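Just entry.txt here, compact mmCIF, N, CA and C atoms:
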# COMPACT_ATOMS: atom_id res chain seq x y z
N MET G 100 -34.38 -22.49 -17.67
CA MET G 100 -32.96 -22.21 -17.66
C MET G 100 -32.55 -21.59 -18.98
N PRO G 101 -31.87 -20.45 -18.92
CA PRO G 101 -31.45 -19.83 -20.17
C PRO G 101 -30.32 -20.61 -20.84
N GLU G 102 -30.36 -20.61 -22.16
CA GLU G 102 -29.29 -21.21 -22.97
C GLU G 102 -28.39 -20.07 -23.44
N VAL G 103 -27.10 -20.23 -23.26
CA VAL G 103 -26.15 -19.21 -23.65
C VAL G 103 -25.15 -19.83 -24.61
N GLU G 104 -24.88 -19.11 -25.70
CA GLU G 104 -23.85 -19.58 -26.62
C GLU G 104 -22.53 -18.92 -26.22
N ILE G 105 -21.52 -19.76 -26.00
CA ILE G 105 -20.19 -19.25 -25.69
C ILE G 105 -19.24 -19.73 -26.77
N ARG G 106 -18.15 -18.99 -26.94
CA ARG G 106 -17.14 -19.36 -27.94
C ARG G 106 -15.82 -19.56 -27.22
N ILE G 107 -15.25 -20.73 -27.44
CA ILE G 107 -13.96 -21.07 -26.85
C ILE G 107 -13.09 -21.66 -27.95
N GLY G 108 -11.94 -21.04 -28.15
CA GLY G 108 -11.01 -21.55 -29.16
C GLY G 108 -11.59 -21.55 -30.56
N GLY G 109 -12.46 -20.60 -30.85
CA GLY G 109 -13.06 -20.52 -32.17
C GLY G 109 -14.23 -21.46 -32.37
N ARG G 110 -14.62 -22.17 -31.35
CA ARG G 110 -15.74 -23.12 -31.45
C ARG G 110 -16.89 -22.64 -30.57
N ALA G 111 -18.11 -22.84 -31.06
CA ALA G 111 -19.30 -22.40 -30.34
C ALA G 111 -19.87 -23.55 -29.52
N PHE G 112 -20.37 -23.21 -28.32
CA PHE G 112 -20.96 -24.20 -27.43
C PHE G 112 -22.24 -23.61 -26.87
N GLU G 113 -23.28 -24.43 -26.76
CA GLU G 113 -24.54 -24.03 -26.12
C GLU G 113 -24.49 -24.55 -24.69
N VAL G 114 -24.65 -23.64 -23.74
CA VAL G 114 -24.54 -24.01 -22.33
C VAL G 114 -25.75 -23.45 -21.59
N SER G 115 -26.28 -24.25 -20.66
CA SER G 115 -27.39 -23.80 -19.81
C SER G 115 -26.82 -23.25 -18.51
N CYS G 116 -27.53 -22.28 -17.95
CA CYS G 116 -27.12 -21.73 -16.66
C CYS G 116 -28.34 -21.25 -15.90
N GLN G 117 -28.15 -20.92 -14.65
CA GLN G 117 -29.24 -20.41 -13.83
C GLN G 117 -29.61 -19.00 -14.30
N GLU G 118 -30.84 -18.63 -14.08
CA GLU G 118 -31.31 -17.28 -14.41
C GLU G 118 -30.45 -16.26 -13.68
N GLY G 119 -29.97 -15.26 -14.40
CA GLY G 119 -29.14 -14.22 -13.80
C GLY G 119 -27.65 -14.55 -13.76
N GLU G 120 -27.27 -15.77 -14.13
CA GLU G 120 -25.87 -16.19 -14.10
C GLU G 120 -25.18 -16.04 -15.47
N GLU G 121 -25.92 -15.52 -16.44
CA GLU G 121 -25.37 -15.44 -17.80
C GLU G 121 -24.07 -14.64 -17.85
N HIS G 122 -24.03 -13.54 -17.14
CA HIS G 122 -22.84 -12.69 -17.16
C HIS G 122 -21.62 -13.45 -16.64
N TYR G 123 -21.81 -14.20 -15.54
CA TYR G 123 -20.69 -14.95 -14.96
C TYR G 123 -20.22 -16.05 -15.91
N LEU G 124 -21.17 -16.68 -16.57
CA LEU G 124 -20.82 -17.73 -17.54
C LEU G 124 -20.03 -17.12 -18.70
N GLN G 125 -20.45 -15.97 -19.19
CA GLN G 125 -19.74 -15.31 -20.28
C GLN G 125 -18.32 -14.92 -19.85
N ALA G 126 -18.18 -14.43 -18.63
CA ALA G 126 -16.86 -14.04 -18.12
C ALA G 126 -15.95 -15.25 -18.00
N ALA G 127 -16.47 -16.35 -17.47
CA ALA G 127 -15.68 -17.58 -17.34
C ALA G 127 -15.30 -18.12 -18.72
N ALA G 128 -16.23 -18.07 -19.65
CA ALA G 128 -15.94 -18.54 -21.01
C ALA G 128 -14.88 -17.67 -21.67
N ALA G 129 -14.90 -16.37 -21.41
CA ALA G 129 -13.90 -15.47 -21.98
C ALA G 129 -12.51 -15.81 -21.45
N MET G 130 -12.42 -16.14 -20.16
CA MET G 130 -11.12 -16.52 -19.60
C MET G 130 -10.62 -17.83 -20.22
N LEU G 131 -11.51 -18.78 -20.37
CA LEU G 131 -11.15 -20.06 -20.98
C LEU G 131 -10.78 -19.86 -22.44
N ASP G 132 -11.49 -18.98 -23.13
CA ASP G 132 -11.19 -18.69 -24.54
C ASP G 132 -9.81 -18.06 -24.68
N THR G 133 -9.43 -17.20 -23.75
CA THR G 133 -8.11 -16.58 -23.80
C THR G 133 -7.03 -17.65 -23.74
N GLU G 134 -7.17 -18.60 -22.84
CA GLU G 134 -6.18 -19.68 -22.73
C GLU G 134 -6.21 -20.58 -23.97
N ALA G 135 -7.41 -20.87 -24.48
CA ALA G 135 -7.52 -21.71 -25.67
C ALA G 135 -6.89 -21.02 -26.87
N SER G 136 -7.03 -19.71 -26.96
CA SER G 136 -6.43 -18.96 -28.07
C SER G 136 -4.91 -19.04 -28.02
N VAL G 137 -4.34 -18.97 -26.82
CA VAL G 137 -2.88 -19.11 -26.68
C VAL G 137 -2.46 -20.49 -27.18
N LEU G 138 -3.21 -21.51 -26.81
CA LEU G 138 -2.88 -22.88 -27.26
C LEU G 138 -2.95 -23.01 -28.77
N THR G 139 -4.00 -22.51 -29.37
CA THR G 139 -4.14 -22.66 -30.82
C THR G 139 -3.08 -21.86 -31.56
N GLN G 140 -2.63 -20.75 -30.99
CA GLN G 140 -1.55 -19.98 -31.62
C GLN G 140 -0.23 -20.73 -31.52
N GLN G 141 0.00 -21.41 -30.40
CA GLN G 141 1.27 -22.11 -30.20
C GLN G 141 1.29 -23.48 -30.87
N ILE G 142 0.20 -24.19 -30.78
CA ILE G 142 0.18 -25.58 -31.24
C ILE G 142 -0.58 -25.76 -32.55
N GLY G 143 -1.56 -24.95 -32.76
CA GLY G 143 -2.43 -25.13 -33.92
C GLY G 143 -3.73 -25.77 -33.49
N ARG G 144 -4.46 -26.28 -34.43
CA ARG G 144 -5.77 -26.87 -34.15
C ARG G 144 -5.60 -28.14 -33.32
N LEU G 145 -6.38 -28.22 -32.24
CA LEU G 145 -6.37 -29.38 -31.35
C LEU G 145 -7.76 -30.00 -31.31
N PRO G 146 -7.83 -31.26 -30.97
CA PRO G 146 -9.16 -31.85 -30.74
C PRO G 146 -9.85 -31.08 -29.60
N GLU G 147 -11.15 -30.96 -29.73
CA GLU G 147 -11.93 -30.16 -28.78
C GLU G 147 -11.66 -30.54 -27.33
N ALA G 148 -11.69 -31.80 -27.02
CA ALA G 148 -11.51 -32.25 -25.63
C ALA G 148 -10.12 -31.86 -25.12
N ARG G 149 -9.10 -32.05 -25.94
CA ARG G 149 -7.73 -31.72 -25.53
C ARG G 149 -7.58 -30.20 -25.33
N MET G 150 -8.15 -29.42 -26.24
CA MET G 150 -8.07 -27.96 -26.13
C MET G 150 -8.72 -27.50 -24.82
N LEU G 151 -9.92 -28.02 -24.53
CA LEU G 151 -10.61 -27.62 -23.31
C LEU G 151 -9.85 -28.08 -22.06
N LEU G 152 -9.29 -29.29 -22.11
CA LEU G 152 -8.52 -29.80 -20.99
C LEU G 152 -7.29 -28.93 -20.74
N MET G 153 -6.52 -28.65 -21.78
CA MET G 153 -5.30 -27.87 -21.63
C MET G 153 -5.62 -26.43 -21.18
N ALA G 154 -6.63 -25.82 -21.76
CA ALA G 154 -7.01 -24.46 -21.37
C ALA G 154 -7.46 -24.45 -19.91
N GLY G 155 -8.22 -25.46 -19.50
CA GLY G 155 -8.66 -25.56 -18.11
C GLY G 155 -7.48 -25.73 -17.17
N LEU G 156 -6.50 -26.54 -17.56
CA LEU G 156 -5.31 -26.73 -16.72
C LEU G 156 -4.50 -25.44 -16.61
N MET G 157 -4.42 -24.70 -17.71
CA MET G 157 -3.69 -23.42 -17.66
C MET G 157 -4.38 -22.45 -16.72
N LEU G 158 -5.70 -22.40 -16.78
CA LEU G 158 -6.44 -21.53 -15.85
C LEU G 158 -6.28 -22.01 -14.41
N ALA G 159 -6.31 -23.32 -14.20
CA ALA G 159 -6.13 -23.86 -12.85
C ALA G 159 -4.75 -23.50 -12.31
N ASP G 160 -3.73 -23.53 -13.17
CA ASP G 160 -2.38 -23.17 -12.74
C ASP G 160 -2.32 -21.71 -12.32
N LYS G 161 -2.92 -20.84 -13.13
CA LYS G 161 -2.96 -19.41 -12.77
C LYS G 161 -3.71 -19.21 -11.46
N THR G 162 -4.82 -19.91 -11.31
CA THR G 162 -5.63 -19.79 -10.10
C THR G 162 -4.84 -20.25 -8.88
N ALA G 163 -4.10 -21.35 -9.00
CA ALA G 163 -3.29 -21.84 -7.89
C ALA G 163 -2.23 -20.82 -7.50
N GLY G 164 -1.62 -20.18 -8.49
CA GLY G 164 -0.62 -19.15 -8.21
C GLY G 164 -1.23 -17.97 -7.47
N ILE G 165 -2.40 -17.56 -7.90
CA ILE G 165 -3.10 -16.44 -7.24
C ILE G 165 -3.49 -16.83 -5.82
N GLU G 166 -3.95 -18.07 -5.63
CA GLU G 166 -4.31 -18.52 -4.29
C GLU G 166 -3.10 -18.54 -3.37
N ASP G 167 -1.93 -18.96 -3.89
CA ASP G 167 -0.69 -18.94 -3.09
C ASP G 167 -0.35 -17.52 -2.66
N ARG G 168 -0.41 -16.58 -3.60
CA ARG G 168 -0.11 -15.19 -3.27
C ARG G 168 -1.12 -14.64 -2.26
N LEU G 169 -2.37 -15.04 -2.40
CA LEU G 169 -3.40 -14.59 -1.47
C LEU G 169 -3.12 -15.12 -0.07
N ARG G 170 -2.73 -16.39 0.04
CA ARG G 170 -2.39 -16.96 1.35
C ARG G 170 -1.20 -16.22 1.97
N GLU G 171 -0.19 -15.91 1.16
CA GLU G 171 0.97 -15.17 1.65
C GLU G 171 0.54 -13.78 2.14
N ALA G 172 -0.31 -13.13 1.36
CA ALA G 172 -0.78 -11.80 1.75
C ALA G 172 -1.59 -11.87 3.04
N GLU G 173 -2.41 -12.91 3.18
CA GLU G 173 -3.20 -13.07 4.41
C GLU G 173 -2.30 -13.31 5.61
N ALA G 174 -1.22 -14.09 5.43
CA ALA G 174 -0.28 -14.34 6.52
C ALA G 174 0.42 -13.04 6.91
N LYS G 175 0.84 -12.26 5.92
CA LYS G 175 1.47 -10.97 6.22
C LYS G 175 0.50 -10.06 6.94
N MET G 176 -0.74 -10.06 6.50
CA MET G 176 -1.75 -9.21 7.11
C MET G 176 -1.98 -9.63 8.57
N ALA G 177 -2.00 -10.94 8.82
CA ALA G 177 -2.17 -11.43 10.20
C ALA G 177 -0.99 -11.00 11.07
N ASN G 178 0.23 -11.07 10.51
CA ASN G 178 1.42 -10.64 11.26
C ASN G 178 1.34 -9.14 11.56
N LEU G 179 0.94 -8.36 10.58
CA LEU G 179 0.82 -6.92 10.78
C LEU G 179 -0.25 -6.60 11.82
N GLN G 180 -1.35 -7.34 11.78
CA GLN G 180 -2.43 -7.13 12.75
C GLN G 180 -1.93 -7.46 14.15
N ALA G 181 -1.18 -8.56 14.28
CA ALA G 181 -0.64 -8.94 15.59
C ALA G 181 0.32 -7.88 16.09
N GLU G 182 1.17 -7.35 15.22
CA GLU G 182 2.10 -6.28 15.60
C GLU G 182 1.34 -5.02 16.02
N LEU G 183 0.31 -4.68 15.28
CA LEU G 183 -0.51 -3.52 15.62
C LEU G 183 -1.18 -3.72 16.98
N ASP G 184 -1.73 -4.90 17.21
CA ASP G 184 -2.37 -5.19 18.50
C ASP G 184 -1.35 -5.10 19.63
N ARG G 185 -0.13 -5.62 19.40
CA ARG G 185 0.93 -5.56 20.41
C ARG G 185 1.28 -4.10 20.73
N MET G 186 1.38 -3.29 19.69
CA MET G 186 1.72 -1.88 19.90
C MET G 186 0.61 -1.14 20.63
N ARG G 187 -0.62 -1.46 20.30
CA ARG G 187 -1.75 -0.80 20.96
C ARG G 187 -1.84 -1.19 22.43
N SER G 188 -1.50 -2.44 22.74
CA SER G 188 -1.63 -2.89 24.14
C SER G 188 -0.40 -2.54 24.97
N ALA G 189 0.69 -2.13 24.33
CA ALA G 189 1.90 -1.76 25.08
C ALA G 189 1.64 -0.46 25.84
N PRO G 190 2.25 -0.35 27.03
CA PRO G 190 2.06 0.90 27.77
C PRO G 190 2.72 2.06 27.02
N ALA G 191 2.17 3.22 27.26
CA ALA G 191 2.73 4.41 26.61
C ALA G 191 4.12 4.66 27.17
N PRO G 192 5.03 5.16 26.37
CA PRO G 192 6.38 5.42 26.87
C PRO G 192 6.35 6.53 27.92
N GLU G 193 7.31 6.45 28.83
CA GLU G 193 7.42 7.49 29.85
C GLU G 193 7.73 8.81 29.17
N PRO G 194 7.15 9.90 29.66
CA PRO G 194 7.47 11.18 29.05
C PRO G 194 8.95 11.50 29.26
N GLU G 195 9.54 12.09 28.28
CA GLU G 195 10.96 12.40 28.34
C GLU G 195 11.13 13.73 29.08
N ARG G 196 12.06 13.74 30.02
CA ARG G 196 12.30 14.95 30.80
C ARG G 196 13.33 15.78 30.04
N ILE G 197 12.97 17.02 29.79
CA ILE G 197 13.87 17.93 29.10
C ILE G 197 14.14 19.10 30.03
N GLU G 198 15.42 19.35 30.28
CA GLU G 198 15.79 20.45 31.15
C GLU G 198 16.20 21.64 30.30
N VAL G 199 15.62 22.78 30.65
CA VAL G 199 15.93 24.01 29.95
C VAL G 199 16.82 24.85 30.86
N ALA G 200 17.94 25.31 30.32
CA ALA G 200 18.84 26.12 31.14
C ALA G 200 18.17 27.44 31.51
N VAL G 201 18.27 27.79 32.76
CA VAL G 201 17.69 29.03 33.27
C VAL G 201 18.84 30.00 33.54
N VAL G 202 18.69 31.23 33.11
CA VAL G 202 19.72 32.24 33.33
C VAL G 202 19.64 32.69 34.78
N PRO G 203 20.75 32.55 35.53
CA PRO G 203 20.73 32.97 36.94
C PRO G 203 20.49 34.48 37.05
N PRO G 204 19.85 34.93 38.12
CA PRO G 204 19.55 36.37 38.30
C PRO G 204 20.81 37.24 38.28
N GLN G 205 21.96 36.75 38.80
CA GLN G 205 23.17 37.56 38.83
C GLN G 205 23.61 37.96 37.42
N VAL G 206 23.42 37.02 36.46
CA VAL G 206 23.82 37.32 35.08
C VAL G 206 22.96 38.45 34.53
N THR G 207 21.67 38.41 34.80
CA THR G 207 20.77 39.45 34.32
C THR G 207 21.17 40.81 34.93
N GLU G 208 21.46 40.80 36.22
CA GLU G 208 21.85 42.04 36.88
C GLU G 208 23.17 42.57 36.32
N THR G 209 24.13 41.68 36.10
CA THR G 209 25.43 42.09 35.56
C THR G 209 25.28 42.67 34.17
N LEU G 210 24.44 42.03 33.35
CA LEU G 210 24.21 42.54 31.99
C LEU G 210 23.55 43.93 32.03
N ALA G 211 22.66 44.15 32.96
CA ALA G 211 22.01 45.46 33.11
C ALA G 211 23.03 46.52 33.49
N GLU G 212 23.95 46.16 34.39
CA GLU G 212 25.01 47.10 34.79
C GLU G 212 25.92 47.43 33.61
N LEU G 213 26.29 46.40 32.83
CA LEU G 213 27.15 46.62 31.66
C LEU G 213 26.45 47.52 30.65
N ALA G 214 25.16 47.32 30.46
CA ALA G 214 24.41 48.15 29.51
C ALA G 214 24.38 49.59 29.99
N ALA G 215 24.19 49.78 31.28
CA ALA G 215 24.16 51.14 31.83
C ALA G 215 25.52 51.81 31.66
N ARG G 216 26.61 51.08 31.91
CA ARG G 216 27.95 51.64 31.74
C ARG G 216 28.20 52.01 30.29
N ALA G 217 27.77 51.09 29.36
CA ALA G 217 27.98 51.36 27.93
C ALA G 217 27.23 52.61 27.52
N GLU G 218 26.01 52.81 28.03
CA GLU G 218 25.24 54.02 27.71
C GLU G 218 25.94 55.27 28.26
N SER G 219 26.48 55.12 29.47
CA SER G 219 27.18 56.25 30.09
C SER G 219 28.42 56.62 29.28
N ILE G 220 29.17 55.64 28.84
CA ILE G 220 30.36 55.90 28.02
C ILE G 220 29.95 56.53 26.70
N ALA G 221 28.87 56.03 26.09
CA ALA G 221 28.39 56.58 24.82
C ALA G 221 27.99 58.04 25.01
N ASP G 222 27.30 58.36 26.13
CA ASP G 222 26.92 59.76 26.41
C ASP G 222 28.16 60.63 26.56
N SER G 223 29.18 60.14 27.27
CA SER G 223 30.42 60.90 27.46
C SER G 223 31.09 61.18 26.13
N LEU G 224 31.14 60.17 25.27
CA LEU G 224 31.78 60.34 23.97
C LEU G 224 31.01 61.32 23.11
N GLU G 225 29.69 61.32 23.20
CA GLU G 225 28.87 62.28 22.44
C GLU G 225 29.15 63.71 22.93
N ASP G 226 29.26 63.85 24.28
CA ASP G 226 29.53 65.18 24.84
C ASP G 226 30.91 65.68 24.38
N GLN G 227 31.90 64.80 24.40
CA GLN G 227 33.24 65.20 23.97
C GLN G 227 33.27 65.51 22.49
N ALA G 228 32.54 64.76 21.72
CA ALA G 228 32.52 64.98 20.27
C ALA G 228 31.79 66.28 19.95
N GLY G 229 30.81 66.62 20.75
CA GLY G 229 30.03 67.83 20.54
C GLY G 229 30.78 69.09 20.97
N SER G 230 31.77 68.96 21.86
CA SER G 230 32.46 70.15 22.34
C SER G 230 33.70 70.45 21.61
What does this structure look like when you write it as structure tokens?
Amino acid sequence: MPEVEIRIGGRAFEVSCQEGEEHYLQAAAAMLDTEASVLTQQIGRLPEARMLLMAGLMLADKTAGIEDRLREAEAKMANLQAELDRMRSAPAPEPERIEVAVVPPQVTETLAELAARAESIADSLEDQAGS
């Protein structure tokens, strides 16, 4: 078993761990050291046992808060999943019927007659203007 020296609150500790776990131990010690440093800045030098206890409790409090938020997020995710499943299983909406106005044939014929008359009048006016 490897022996790892960790520093918490300015104090060194020799700790054994499983082979390959050194990185995790160092990371955990760094988190504990961060909390211990806050304590020593606020309170000053504490007995080793009290410093470790208080730092551990501070980490446990943060962990509990994170676990609460995680549970809330999981509940929201479950609700969203249920809503998604409900939407997927719902029948597709009926297609909406859209009516497009159609121009009656009489209107087209009337417009063609008006255009022809307008051209005829324009031709007459050109002839009169030219003479």
Using only C-alpha atoms: which of G:Ile165, G:Leu151, G:Ala214, G:Ala135 has the shortest distance to Gly108 of chain G
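Smallest separation from Gly108 of chain G among the options: G:Ala135.
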Between atom N of Val114 of chain G and atom CA of Gln140 of chain G, distance in Å (one decimal)
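Answer for the atom N of Val114 of chain G to atom CA of Gln140 of chain G separation: 24.7 Å.
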Write out as a VMD selection string all residues of chain G that backbone DSSP assigns to helix (DSSP H, G or I).
chain G and resid 121 to 141 147 to 188 204 to 229
Using only N, CA and C atoms, which of the listed residues (G:Leu213, G:Cys116, G:Leu224, G:Val199) sits closest to Val103 of chain G?
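Using only N, CA and C atoms, the shortest distance to Val103 of chain G belongs to G:Cys116.
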